[in-house]
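Only one structure is covered here, and it is reproduced in the block below.
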Amino acid sequence: MAVGALKGLQSPARLHTELMHTYAAGWWSTLRHVRLPSAVPYLLPALRLGATAAVVGTVVAEVSTGYLDGIGRLLVSYAGQASGDPAKAWGPIVGAIALGLVAAGLVALLGVLLRPYRRGEATA
């Protein structure tokens, strides 16, 4: 996400930043009017990847830290009991998938709200 933010904030054309300098606009004004709107096409894909990766990271962290009430711990404990009821292990997996879809959906909703600034999504 940091790479997407940095690349996005550096993406405005030099002509636009020089124009703001000509108008004697300050750093905050240039950030608000030029740099942030031009960074949106770079930030949204980074947020989309970051939101879904955060769910995976949370599940892995819950397994390794021993948090007792998380999805990761439920997955490990239900997988150990899978010989009795194999379908029981799928509950936490479906929960993690649903949580990832909700996170990606929130980023998509943010993308709809920022549609005027999305001239084209960045591919790199």
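In the structure tokens, chains take the letters A, B, ... in the order shown, each chain's residues start at 1, and ligands count up from 1 in the order shown.
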
Query raised in the report: What lies within 12 Å of stretch 59-76 of chain A using only C-alpha atoms, ignoring chain neighbours under 2 positions off, as a list in words?
Result: Thr52, Ala53, Ala54, Val55, Val56, Gly57, Tyr78, Ala79, Gly80, Gln81, Ala82, Pro86, Ala87, Lys88, Ala89, Trp90, Gly91, Pro92, Ile93, Val94, Gly95, Ala96, Ile97, Ala98, Leu99 and Gly100 of chain A

Requested in this report: Any chance you could list, as a PyMOL selection string, the residues in chain A that come up helix (DSSP H, G or I) when DSSP is run on the backbone?
Outcome: chain A and resi 2-9+14-22+27-65+71-80+86-113+115-117

Report task. Name the residues in contact with A:Ser11 at a cut-off of 9 Å, using only C-alpha atoms, excluding same-chain residues fewer than 4 positions from it; report them as an MDAnalysis selection string. Result -> chainID A and resid 6:7 35 38:39 42

How would the residues just chosen look if you wrote them out with N, CA and C atoms as an mmCIF file, in the first residue's frame?
```cif
data_model
loop_
_atom_site.group_PDB
_atom_site.id
_atom_site.type_symbol
_atom_site.label_atom_id
_atom_site.label_comp_id
_atom_site.auth_asym_id
_atom_site.auth_seq_id
_atom_site.Cartn_x
_atom_site.Cartn_y
_atom_site.Cartn_z
ATOM 1 N N LEU A 6 2.814 6.135 -2.590
ATOM 2 C CA LEU A 6 3.942 6.959 -3.024
ATOM 3 C C LEU A 6 3.912 7.195 -4.527
ATOM 4 N N LYS A 7 3.650 6.131 -5.282
ATOM 5 C CA LYS A 7 3.590 6.284 -6.733
ATOM 6 C C LYS A 7 2.424 7.198 -7.129
ATOM 7 N N ARG A 35 -2.466 16.401 -5.853
ATOM 8 C CA ARG A 35 -1.821 15.110 -5.597
ATOM 9 C C ARG A 35 -2.793 14.004 -5.181
ATOM 10 N N SER A 38 -5.038 12.757 -8.102
ATOM 11 C CA SER A 38 -4.285 11.977 -9.081
ATOM 12 C C SER A 38 -3.784 10.661 -8.495
ATOM 13 N N ALA A 39 -3.797 10.521 -7.183
ATOM 14 C CA ALA A 39 -3.337 9.290 -6.542
ATOM 15 C C ALA A 39 -4.434 8.237 -6.427
ATOM 16 N N TYR A 42 -4.154 4.866 -8.179
ATOM 17 C CA TYR A 42 -3.101 4.015 -7.631
ATOM 18 C C TYR A 42 -3.475 3.467 -6.260
#
```

Report task. For stretch 44-46 of chain A, please output as JSON, numbers by chain all residues within 7 Å (counting only C-alpha atoms; exclusion window: fewer than 4 positions along the same chain). Result -> {"A": [1, 4, 40, 50, 111]}

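Going from atom CA of A:Ala108 to atom CA of A:Pro12 covers 23.4 Å.
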